[in-house]
Each structure stands twice: as structure tokens, then as C-alpha cells.
Amino acid sequence: MGCCVPETPGRNAIEVRGVRKVFGAGEAQVAALDTVSVSIRENEFFTLLGPSGCGKTTLLRLIAGFDFPSAGEIMLYGEDIAPLPPFKRPVNTVFQSYALFPHMSVAQNIGFGLEMLGKPKDQVKARVAEMLKLVRMEALANRRTSQISGGQQQRVALARALAPQPKVLLLDEPLSALDYKLRKEMQIELKRLQSETGITFIFVTHDQEEALTMSDRIAVMSSGKILQVGTPRDIYDRPAERFVADFIGETNFLKAEVTGAANGRATVKLSSGVEIPASLPAGFSPSGKVTIVVRPEHAHLVAGNEKASLSGIVENVVYLGTDTHFHLKLDDGDAFIVRRQNARGGPVDLAQGDRAGIIIGGDAAQVLKD
Amino acid sequence: MASAEQVATQAVRRDIRDRWLLSAPALLVIFFAASGPLLIVLVYSFLTPGPYGDVQWTFSKEAWTSVFLERDIFDDTLSFASAHVTIFWRSLKLALMTTIATLLIGFPTAYFIATRSEKSRDLWLFLITIPFWTNLLIRTFAVLQIIRNEGIINTALIKIGIISAPIQILYTDTAILIGMAYVYLPLMVLPIYASMEKLDFRLVEAGYDLYATRWQVLRRIIFPLVKPGVIAGSILVFIPAVGAYVTPSVLGGGKNLMLSNLIELQFGQGRNWPLGAALSITVMVIVMAALLVYVRNTGSSETRHG
Amino acid sequence: MARGFSIKHQPGFTAIAATCFAVLYMPIIVLVAYAFNASSSTSEWGGVSLKWFQSAWNNDQVVDATLRSFQIAATAAILATIVATMAALATTRTAPYPGLTFKYAAINQPLMVPEIVTGVALLIFFSRIKIFSGYSGLGYLIAAHTAFCIPFAYLPIRARLENMDLTLERAAADLYATPLKTFRHVTLPLLWPGILAGLMLAFVISLDDVVITEFVKSGGQDTLPTYMLGQIRRGITPEINAISTAFLLLSIVIVTLFFFISRKRD
């Protein structure tokens with residue numbers, strides 16, 4: 001290909017093939033996972049993102065072995081692990097509640113997995129010391145787990161799960177119990193640990209910001225299905241479905257009509273009659289009426305009725321410190337939000353009731369499948 | 001290799017089997033040394049009494065007839081067994097009065113404990129728990145020493161000059177009532193406290209905010225919320241009180257019989273095991289009826305609260 | 001009004017509570033006091049003395065009954081706690097399964113039936129077995145005590161299990177512990193306070209029993225409570241006060257231990 005960065009797809013660590021998970025029986029049957037297939041590459045930081053009840057934790061539990069799928073296969077490096085009990089899977093979990101053993105010290109917690117594997121004592125000791133160093137907890141090795149802070153417990157949970165050198169590490173919303181600042185720190189810490197250990201991480205969260213900052217790739221889930229898999233940039237800039245666009249970040253939805261499509265690009269006509277270019281989801285060639293999305297920061301405002309893609313009246317101006325949100329009512333009655341970063345000596349703000357034009361950049365619009 | 005789904009169903013089946021195996025020893029012990037023999041009691045109640053105790057294996061309804069009826073020795077006519085009816089009535093009356101007495105003292109006490117600061121609450125609770133765990137016979141004996149003619153109450157009253165001769169309390173129904181109320185009091189306080197502890201006092205605040213008086217707050221807010229505890233406490237007191245054996249034996253002095261004494265008599269001097277069996281089953285039916293009331297009440301109150 | 005309005009106040013309640021505590025403890029205090037009475041009367045005070053404790057200590061019947069009580073209580077409590085622990089493991093932390101409600105009912109059955117009825121039932125049943133087997137040892141009492149101790153031992157163990165975090169065991173399984181190892185290294189150590197509480201509860205309940213023992217015992221098998229009952233019926237001496245006081249002390253020690261164990265959080 002002659003490109004500077006060689007494409008290394010890597011082996012698949014986990015391959016989920018047509019997995020269904022049904023709870024209950026008969027009339028009360030609920031499908032927590034509805035025929036899900038996804039491949040997770042070796043050494044990847046992979047995130048399952050979705051609202052509560054979307055099936056992300058169920059999928060994680062099936063990979064860990066706390067539950068068995070109703071149908072389908074879960075391959076770990078080519079071997080179906082779905083029927084194996086958790087203690088026979090080279091996969092470890094960091095639990096949302098940490099699940100540290102309260103009757104053991106920090107060091108005993110970290111060494112537990114290796115001991116259960118029957119590793120010799122000195123080997124366990126050495127590995128525990130190594131792990132304590134990795135998570136910077138050497139000083140607290142002999143503390144009870146109830147005597148350390150939430151952030152420290154989080155680190156112990158990580159060290160404990162990493163100590164047996166699992167092939168895949170599963171993380172079930174591990175940061176949700178921490179406060180904002182600590183969460184930010186731990187996000188960086190987690191990335192560091194992942195790159196230092198080279199272990200595949202599967203991370204479950206409902207926090208889109210967390211997912212965007214940490215992941216190599218994200219799978220967005222809803223109602224037991226995976227809607228879209230891609231890099232954070234893909235997911236944010238090129239959402240394929242309304243749910244994905246809506247769940248991640250703020251979005252403007254606009255009605256439009258496709259007037260031409262080729263090579264993943266389309267030309268759409270907005271309600272104002274102006275035609276703009278838009279990207280298409282992979283393998284999707286629409287015609288007629290569609291919905292397009294434009295992120296608030298991908299549009300900008302001009303005063304009055306200058307030549308713009310759309311125009312409307314400023315209904316509300318919300319100052320948010322780093323930036324300002326302008327809520328507009330478009331001429332066709334729809335709402336539209338534009339986000340502008342605040343800078344010293346920036347342009348004079350538009351005020352409520354002013355007429356303004358909206359300019360949508362060349363790469364800003366994305367056509368949705370639904 | 002089995003599929004994951006097969007493994008899962010097998011795991012569930014194995015789990016249920018293991019759970020039966022694990023509970024089997026407890027169930028067997030209880031069956032052979034508690035529940036099972038109750039069935040034999042039922043069988044015995046339909047047999048003929050043996051001359052020296054025990055039974056003869058011939059069917060007879062006589063025991064059940066004589067629970068409430070009495071056969072005249074001369075003309076074989078049946079009439080109301082007034083002695084038995086008196087004992088039934090005394091047992092039920094005393095059990096009911098005991099329940100009411102413990103409720104009247106236990107409710108304010110539970111409320112008092114629940115309104116203490118968190119730290120001192122444990123101490124007060126501890127003070128209720130000690131008598132609860134103390135041998136019932138010892139506590140009955142303690143009451144006996146207090147209320148007898150030479151006991152501290154009579155002695156004190158005579159010394160002060162309120163009375164000139166001791167009041168006979170011991171070996172009366174009053175003695176049994178005092179004794180039962182004393183020994184079963186912790187059984188009333190503890191469950192009421194358990195529901196009182198969960199009471200959200202912001203609701204009481206809301207009551208006062210909406211112009212309720214203290215009495216109205218107690219009757220309309222606190223009492224309905226702790227009602228499950230009150231019912232549990234009443235059942236816990238009523239059931240052992242109906243079948244009480246130790247307290248009436250010690251404080252009733254063998255004159256004022258209660259149901260348990262009447263039953264015991266049939267296995268001792270009375271030598272009428274079938275009648276004893278029939279009376280036992282009658283006591284059990286009374287207790288089951290009380291339990292049923294309890295289950296009904298708690299069941300419906302739970303559905304009402306959603 | 002300087003103190004302001006207390007929302008928790010109810011008129012008269014504190015007075016009733018104070019009376020309640022006084023009434024609960026007054027007879028016990030009097031009973032203990034007379035155990036130290038030098039006079040042989042149980043109504044006149046003749047100075048402090050330990051002679052009634054001595055006389056109880058030298059009374060072979062008392063010693064004999066005490067030892068038997070402990071023997072029965074210890075055996076029954078241990079047996080009951082073992083089977084109750086197993087039963088608690090079998091009936092908690094599970095989706096409802098066929099027979100679960102039956103198990104709850106069966107385990108709690110001894111609590112639902114008045115002691116007198118159980119006593120009569122066991123008298124009838126065991127007297128038959130005695131005739132057939134010829135055995136008339138302590139086994140009957142131990143079996144009966146074990147049965148009625150089970151629901152009491154079961155109570156704190158089940159409560160402990162239900163409050164236990166299931167993810168801890170999941171975490172152990174995730175860290176390569178087989179079900180047996182998980183039980184040994186995680187479940188059992190965490191369950192231990194519940195088991196101890198159950199054991200003590202069962203021990204006290206067995207030690208306190210009068211009614212069932214009275215009906216089940218063969219000749220010469222008096223336990224301390226049935227011996228005391230016999231004595232009290234015959235007329236009282238301060239020796240009974242002394243025995244009661246020692247018994248009381250034991251109860252308080254056990255309750256205190258129980259209280260601390262069951263309140264201890266992990």
C-alpha cells in the first residue's frame with residue numbers, strides 16, 4: 001500500500017459468534033443479548049458502551065463465565081470457552097464493586113489467583129511484589145482492604161486481576177464508584193497499565209466520555225444488540241444510527257433529501273433548499289428522505305442573513321465557561337444548537353432574538369441509516 | 001463437547017440436586033425428632049387408652065369426644081365438659097391478657113429504645129436481650145420469689161403500713177399472668193423495635209408539619225408503620241403463652257391448670273394418652289389459627305405497600 | 001419553652017420504658033442477692049455468704065445434672081449448627097426452585113409448634129422406640145434437642161449468608177478457585193461469625209429447655225433445668241438461687257459474646 005503506517009490487524013483475542021442470552025421462560029422471556037457477534041483484537045483496549053440494560057454487562061459475564069449463553073460461541077484464541085466454568089478460563093475480571101476479599105490483606109488478595117493455580121510460594125511472592133509496584137501500592141501491602149481508600153481499592157482490584165497474567169482482562173464499570181478527579185487519574189492509569197502489560201482489555205461503561213478517551217475501539221450497544229463498532233473518532237464523527245449519534249455527545253438531527261450518492265459520499269438538500277455534502281455509513285446507499293446529523297461544534301454562526309446553509313432565530317444563549325451554546329429555532333421550526341469555544345477578544349456574541357445563519361462545514365454532516 | 005446451553009441446564013439441575021443433598025440432614029433430623037412424631041400423636045388420639053398408660057390398638061373416637069364433652073358414668077349421656085372448657089377458657093384468656101399486657105409495656109419501651117442515639121441504642125437493646133436469653137425457669141423462679149407472701153412486695157407493703165397481712169398472689173391466675181407477662185416481655189419488645197428502627201422520623205416531622213397532635217402522629221403515622229412488628233410480637237407472645245408449661249406449673253401451684261398442665265396430666269396420673277394426644281392437637285390447631293391470622297395480616301400489608 | 005419541640009417525644013413513654021427495665025431487672029437482682037444470703041431463709045437477710053454456692057457445688061445431683069446439661073447442649077448445638085449451616089447454604093442465594101418453600105417451612109417447623117405438643121409427640125414416639133430397641137440412653141434427648149435447635153442455629157447463619165456479597169465468590173471463581181476452594185477460602189471465613197452466633201444460640205436454647213426434656217428424659221436423666229423445676233415444686237432453698245445465679249452468669253457471658261459477634265461487621 002506504500003503507506004507509512006503498516007496495517008497490522010492482529011490476531012483476534014476474543015471472537016463472539018452469534019451469542020444469544022435469554023432470561024426467564026415462556027411469556028416472560030427476555031433476550032438480554034440478541035444474536036451478538038464481535039471480534040476483539042489482541043492487545044486492544046476495547047470498550048462496550050451503552051445505557052444500563054443494553055446487555056453490555058451480560059456479554060462481559062458470558063466472557064468471564066458467570067453465565068452461559070443460550071446460543072452461540074465465545075472463542076478465546078480459537079477455542080470455544082462458552083461451556084467452561086470461570087475458574088477454567090484464563091480471563092480475569094475487575095468488578096464494579098471491586099469484590100476485594102475483606103478477610104485478606106492487600107497482598108493476600110493480589111496473590112489469591114496464583115495460589116489457586118498452585119504456583120510455588122516464592123513465585124507468588126515475587127509476582128505479588130511486582131504487581132504492588134506496578135500499581136504503586138508497595139507501602140500498603142499488609143493493610144486490610146477495608147483500611148484503604150476507594151482509589152487504592154481500585155488499584156488492588158486491578159493488580160489482583162492482572163497478577164495471574166490473564167489473556168484478557170475484563171473491567172465492569174470499574175471507575176463508576178470514584179469521584180470525578182480520581183476517575184480522570186485512573187483513566188490515565190488504566191491506559192498505562194494496558195500498554196505496559198500488553199494484555200487485551202475489555203472495558204464496560206455507560207460513560208461515553210470515558211469510552212472516547214480510553215478506547216482503541218468502541219462497540220455501542222442498545223437493547224441487546226451491537227449497533228456500531230469503530231474507533232472513538234469513527235463513532236463520534238460518523239455515527240451510523242440515530243441511537244449512536246444521540247447517546248454519544250450532543251447532536252443536531254436534520255431532515256434532508258438525498259440528491260446524489262457515490263463512493264460513500266452523498267449530496268443532500270436541506271429544508272432551506274441549500275445542498276451540502278454528507279458522509280454515508282459503510283455499505284449504505286440511501287435515496288429520498290433521510291436524517292442527517294451535525295455536531296454542534298461542527299457548525300458555526302454568522303450574523304444576519306448572510307449566505308448560510310440554514311438560518312433561524314437565536315432563542316437562548318447558554319454560557320458554559322469554556323464555550324457558549326446557541327439554541328436556535330430554524331425557519332422550518334426545528335431546533336439547532338451551535339457550540340462556540342470562548343476565546344478572549346472573540347467576536348461579539350449574538351443575543352437572544354437575533355437572526356443568524358448556520359454554516360455547516362464540508363465534512364460535518366453524516367447521513368443516518370434510520 | 002457439550003454446548004454452553006447444555007452445560008448451563010446441567011449446572012442448574014446439579015445445583016438443585018446438591019441443594020437437596022445439603023439440606024437433607026437437617027430435614028431428616030427435624031422429621032424424625034420433631035415433625036414426624038406429630039403424625040403419631042394424631043394416630044394416638046383415635047386409639048383406646050391402655051390401663052397403665054400408653055394405648056391399646058383399637059379405634060376409638062372417645063378421646064375426641066371427651067375434649068369438650070363428658071360422659072355421665074351412670075346413664076352414658078353426654079354433657080359439656082365444664083372442667084375442660086374452663087381450662088381452655090383460662091388458657092386463652094391468660095394468653096390474650098399476657099399479649100395485651102406485654103404490648104402495653106413493650107410498645108413504649110421499643111419506642112423509647114428506637115428514639116435513643118445510635119450508640120446508646122445498642123446498650124438498651126442489650127438490656128432487653130439479656131433476660132431474653134436467660135433461662136425461662138430461672139426468670140419464673142425470680143418472679144415467684146418476688147410475689148410470694150414472704151416476698152419483697154408483700155414485705156415492703158406491710159412495712160410501709162399499706163396492708164397488715166400479705167396479699168395472696170402466688171398460686172392464682174394473677175400470678176400466672178404476671179409471670180407470663182414478665183417472661184415473654186422481651187419477645188414483644190424485640191420485633192416491635194425491629195420495625196421501629198426502620199421508621200423514618202421525617203414522616204413524623206411531616207405529620208407535625210401538617211398540624212397533627214402527638215396522639216394523632218402516634219395513631220395515624222407511627223402505629224400503622226410499625227404494625228408488622230406489633231403483629232409479629234403479639235404472635236410471638238401469644239403462641240408460647242397458650243401452650244405455656246413452666247410458668248403455670250411454678251406460679252399456678254398445680255391448682256389453676258392450663259392446657260399444658262391438663263395435657264401433662266393425661267400422660268401422668270390421668271393415664272389417658274389418647275385424650276392427651278387429642279388435647280395436644282387441639283392446642284396445635286389454636287396456634288396454627290393464630291399463625292394463619294399473622295400470615296394473612298403481613299401478606300396483605302405487604303401488598304398494600306406495593 | 002426553652003427546649004423547643006421534640007418530634008420524638010411521646011408523653012409517658014419514657015416513664016413506661018423506665019418501669020419496664022426496672023421490672024425486668026428487679027426480680028433478677030433480688031434472686032441474685034438472696035444467693036449470697038447467709039440465712040437459710042429466702043426472705044430474711046442474714047449477711048453475705050457463699051455457703052449456698054458451696055452447698056450446690058457439693059450436691060452430687062446438681063453436679064450430675066449440670067454435666068448432663070452441658071453434654072447434651074454441646075452435642076446438640078454442634079450437630080444442629082453443622083446441619084443448619086448446610087441447610088442455610090442450600091436455601092439462600094438462589095432463584096426460587098421447587099421445594100424451597102417446603103424447606104423453609106420444614107426447618108422452621110419446630111418454632112411453630114408449642115413445646116408441650118412436641119414434648120408429647122416425642123414421648124409417644126420415643127417410648128415406642130425404647131421398647132423396640134431396648135436403648136434408653138441420652139441419644140433421645142440429644143436428638144430432640146438437635147431438632148429444636150436447628151431453626152435457631154439456622155437463623156443467624158442464613159442472615160449472614162444473605163448479606164454476603166455474591167461477587168466475592170464470583171471473584172474467587174474468576175481467580176481460578178474451584179467451587180470447593182472458593183468455599184474454603186472465601187465463603188467459610190466470611191460465614192464464620194454467623195456460624196459461631198448460630199452455635200451459641202443453639203447452645204443456650206438447648207441449655208434452657210425444660211418442657212421437651214421433661215417429657216423425653218428417662219429416669220435419672222435430669223438436666224439442670226428439670227432438676228431445678230423438681231426442686232422448686234418441692235419448696236425453695238437459697239441453693240436454687242445460687243444455681244440460678246451461676247446459670248445467669250453463663251447466659252450473660254454467652255449473650256455478650258453473641259451480641260458482639262453478630263454486630264461485628266466483617
# chains A, B, ... in the order shown; residues from 1 in each chain; ligands from 1

$ interface_residues --of "chain A" --to "chain C" --cutoff "6 Å" --atoms "only C-alpha atoms" --output "VMD selection string"
chain A and resid 86 to 87 92 99 113 116

$ write_last_selection --atoms "N, CA and C atoms" --output "PDB file, in the first residue's frame"
ATOM      1  N   PRO A  86     -15.921 -20.452  35.247  1.00  0.00           N
ATOM      2  CA  PRO A  86     -14.995 -19.308  35.301  1.00  0.00           C
ATOM      3  C   PRO A  86     -13.575 -19.686  35.741  1.00  0.00           C
ATOM      4  N   PHE A  87     -13.460 -20.678  36.638  1.00  0.00           N
ATOM      5  CA  PHE A  87     -12.118 -20.984  37.147  1.00  0.00           C
ATOM      6  C   PHE A  87     -11.274 -21.762  36.152  1.00  0.00           C
ATOM      7  N   ASN A  92      -9.587 -12.729  33.536  1.00  0.00           N
ATOM      8  CA  ASN A  92      -9.853 -12.205  34.876  1.00  0.00           C
ATOM      9  C   ASN A  92     -10.689 -10.948  34.814  1.00  0.00           C
ATOM     10  N   ALA A  99     -15.006  -6.168  44.761  1.00  0.00           N
ATOM     11  CA  ALA A  99     -15.081  -7.525  45.328  1.00  0.00           C
ATOM     12  C   ALA A  99     -13.756  -7.962  45.922  1.00  0.00           C
ATOM     13  N   GLY A 113      -5.177 -15.490  43.128  1.00  0.00           N
ATOM     14  CA  GLY A 113      -5.319 -16.226  41.864  1.00  0.00           C
ATOM     15  C   GLY A 113      -4.159 -17.176  41.637  1.00  0.00           C
ATOM     16  N   MET A 116      -4.345 -20.153  43.892  1.00  0.00           N
ATOM     17  CA  MET A 116      -5.354 -21.108  43.439  1.00  0.00           C
ATOM     18  C   MET A 116      -4.854 -21.911  42.241  1.00  0.00           C
TER      19      MET A 116
END

$ closest_atom_pairs --of "chain A" --to "chain B" --cutoff "8 Å" --atoms "only C-alpha atoms" --output "Markdown table"
| residue | atom | partner | partner_atom | distance |
| --- | --- | --- | --- | --- |
| A:Asp67 | CA | B:Ala8 | CA | 7.9 |
| A:Phe68 | CA | B:Ala8 | CA | 5.8 |
| A:Pro69 | CA | B:Ala4 | CA | 6.2 |
| A:Ser70 | CA | B:Glu5 | CA | 5.2 |
| A:Ala71 | CA | B:Glu5 | CA | 6.5 |
| A:Glu73 | CA | B:Ala4 | CA | 8.0 |
| A:Ala82 | CA | B:Ala4 | CA | 5.4 |
| A:Pro83 | CA | B:Ala4 | CA | 4.1 |
| A:Leu84 | CA | B:Ala4 | CA | 7.8 |

$ atom_distance --atom1 "atom CA of C:Pro151" --atom2 "atom CA of C:Pro110"
7.2 Å

$ residues_around --residues "B:Ala24" --least-positions-apart "6" --cutoff "9 Å" --atoms "only C-alpha atoms" --output "list in words"
Val83, Met86 and Ala87 of chain C

$ write_last_selection --atoms "C-alpha atoms" --output "PDB file, in the first residue's frame"
ATOM      1  CA  VAL C  83     -26.740 -29.396  59.612  1.00  0.00           C
ATOM      2  CA  MET C  86     -25.564 -26.972  55.269  1.00  0.00           C
ATOM      3  CA  ALA C  87     -29.268 -26.197  55.093  1.00  0.00           C
TER       4      ALA C  87
END

$ select_by_dssp --residues "stretch 77-247 of chain C" --states "helix (DSSP H, G or I)" --output "PyMOL selection string"
chain C and resi 77-91+100-112+115-133+139-163+166-174+179-208+211-216+224-234+238-247

$ closest_residue --among "C:Arg184, C:Arg233, C:Arg158, C:Lys217" --to "chain B" --atoms "only C-alpha atoms"
C:Arg233

$ closest_residue --among "C:Leu67, C:Ile236, C:Ala144, C:Ala22" --to "chain B" --atoms "only C-alpha atoms"
C:Ala144

$ residues_around --residues "stretch 207-210 of chain C" --least-positions-apart "6" --cutoff "7 Å" --atoms "only C-alpha atoms" --output "VMD selection string"
(chain B and resid 135 to 136) or (chain C and resid 69 73 225 to 226)

$ atom_distance --atom1 "atom CA of A:Arg20" --atom2 "atom CA of A:Asp80"
14.9 Å

$ residues_around --residues "B:Lys93" --least-positions-apart "6" --cutoff "10 Å" --atoms "only C-alpha atoms" --output "PyMOL selection string"
chain B and resi 87+99+177+242

$ write_last_selection --atoms "N, CA and C atoms" --output "PDB file, in the first residue's frame"
ATOM      1  N   ILE B  87     -60.649 -24.818  81.549  1.00  0.00           N
ATOM      2  CA  ILE B  87     -59.199 -24.758  81.336  1.00  0.00           C
ATOM      3  C   ILE B  87     -58.871 -24.119  79.987  1.00  0.00           C
ATOM      4  N   THR B  99     -50.631 -11.108  76.166  1.00  0.00           N
ATOM      5  CA  THR B  99     -50.279 -10.403  74.935  1.00  0.00           C
ATOM      6  C   THR B  99     -50.565  -8.909  75.078  1.00  0.00           C
ATOM      7  N   LEU B 177     -50.457 -14.694  85.173  1.00  0.00           N
ATOM      8  CA  LEU B 177     -50.440 -13.563  84.244  1.00  0.00           C
ATOM      9  C   LEU B 177     -49.178 -12.721  84.430  1.00  0.00           C
ATOM     10  N   VAL B 242     -50.137 -19.689  75.060  1.00  0.00           N
ATOM     11  CA  VAL B 242     -51.235 -20.659  75.018  1.00  0.00           C
ATOM     12  C   VAL B 242     -50.754 -22.022  75.512  1.00  0.00           C
TER      13      VAL B 242
END

$ atom_distance --atom1 "atom CA of A:Ser309" --atom2 "atom CA of A:Gly357"
7.2 Å

$ residues_around --residues "B:Pro108" --least-positions-apart "5" --cutoff "10 Å" --atoms "only C-alpha atoms" --output "PyMOL selection string"
(chain B and resi 103+113-114+189+192-193) or (chain C and resi 10-18+20)

$ write_last_selection --atoms "C-alpha atoms" --output "PDB file, in the first residue's frame"
ATOM      1  CA  LEU B 103     -47.943  -4.858  74.202  1.00  0.00           C
ATOM      2  CA  ILE B 113     -35.082   2.455  72.550  1.00  0.00           C
ATOM      3  CA  ALA B 114     -35.629   3.415  68.914  1.00  0.00           C
ATOM      4  CA  VAL B 189     -40.161  -5.591  72.530  1.00  0.00           C
ATOM      5  CA  ILE B 192     -41.558  -4.015  67.585  1.00  0.00           C
ATOM      6  CA  TYR B 193     -38.143  -2.431  67.947  1.00  0.00           C
TER       7      TYR B 193
ATOM      8  CA  GLN C  10     -44.437  10.937  73.371  1.00  0.00           C
ATOM      9  CA  PRO C  11     -45.892  11.682  76.801  1.00  0.00           C
ATOM     10  CA  GLY C  12     -45.441   8.877  79.338  1.00  0.00           C
ATOM     11  CA  PHE C  13     -43.412   6.612  77.072  1.00  0.00           C
ATOM     12  CA  THR C  14     -40.123   7.227  78.835  1.00  0.00           C
ATOM     13  CA  ALA C  15     -41.749   6.535  82.202  1.00  0.00           C
ATOM     14  CA  ILE C  16     -43.200   3.250  80.932  1.00  0.00           C
ATOM     15  CA  ALA C  17     -39.841   2.251  79.449  1.00  0.00           C
ATOM     16  CA  ALA C  18     -38.096   3.037  82.733  1.00  0.00           C
ATOM     17  CA  CYS C  20     -40.173  -1.846  82.037  1.00  0.00           C
TER      18      CYS C  20
END

$ select_by_dssp --residues "stretch 27-57 of chain A" --states "strand (DSSP E)" --output "list in words"
Val30, Ala31, Ala32, Leu33, Asp34, Thr35, Val36, Ser37, Val38, Ser39, Ile40, Arg41, Phe45, Phe46, Thr47, Leu48 and Leu49 of chain A

$ closest_residue --among "B:Lys255, B:Lys159, B:Arg17, B:Arg214" --to "chain C" --atoms "only C-alpha atoms"
B:Arg214

$ closest_residue --among "C:Ala159, C:Ile252, C:Ile142, C:Ala153" --to "chain B" --atoms "only C-alpha atoms"
C:Ile252

$ residues_around --residues "C:Tyr154" --least-positions-apart "3" --cutoff "12 Å" --atoms "only C-alpha atoms" --output "PyMOL selection string"
(chain B and resi 23+26) or (chain C and resi 77+79-92+103-104+106-108+111+146-151+157-162+194-202)

$ closest_residue --among "B:Lys119, B:Arg71, B:Arg202, B:Arg220" --to "chain C" --atoms "only C-alpha atoms"
B:Arg202

$ decode --residues "stretch 17-37 of chain A" --atoms "C-alpha atoms" --output "tab-separated table (two decimals), in the first residue's frame"
chain	number	residue	atom	x	y	z
A	17	ARG	CA	-20.20	-15.57	17.37
A	18	GLY	CA	-23.96	-15.31	17.26
A	19	VAL	CA	-24.37	-15.19	21.02
A	20	ARG	CA	-27.87	-15.04	22.45
A	21	LYS	CA	-28.72	-14.84	26.11
A	22	VAL	CA	-32.32	-15.28	27.18
A	23	PHE	CA	-33.52	-14.84	30.75
A	24	GLY	CA	-36.77	-16.30	32.06
A	25	ALA	CA	-39.01	-18.70	30.22
A	26	GLY	CA	-42.19	-18.71	28.18
A	27	GLU	CA	-44.16	-15.46	28.12
A	28	ALA	CA	-41.76	-13.70	30.47
A	29	GLN	CA	-38.75	-14.44	28.30
A	30	VAL	CA	-36.39	-11.52	27.78
A	31	ALA	CA	-33.45	-11.53	25.39
A	32	ALA	CA	-30.61	-9.75	27.17
A	33	LEU	CA	-28.38	-10.39	24.17
A	34	ASP	CA	-29.91	-10.74	20.74
A	35	THR	CA	-27.52	-12.61	18.43
A	36	VAL	CA	-24.36	-10.60	19.03
A	37	SER	CA	-21.17	-11.10	17.03
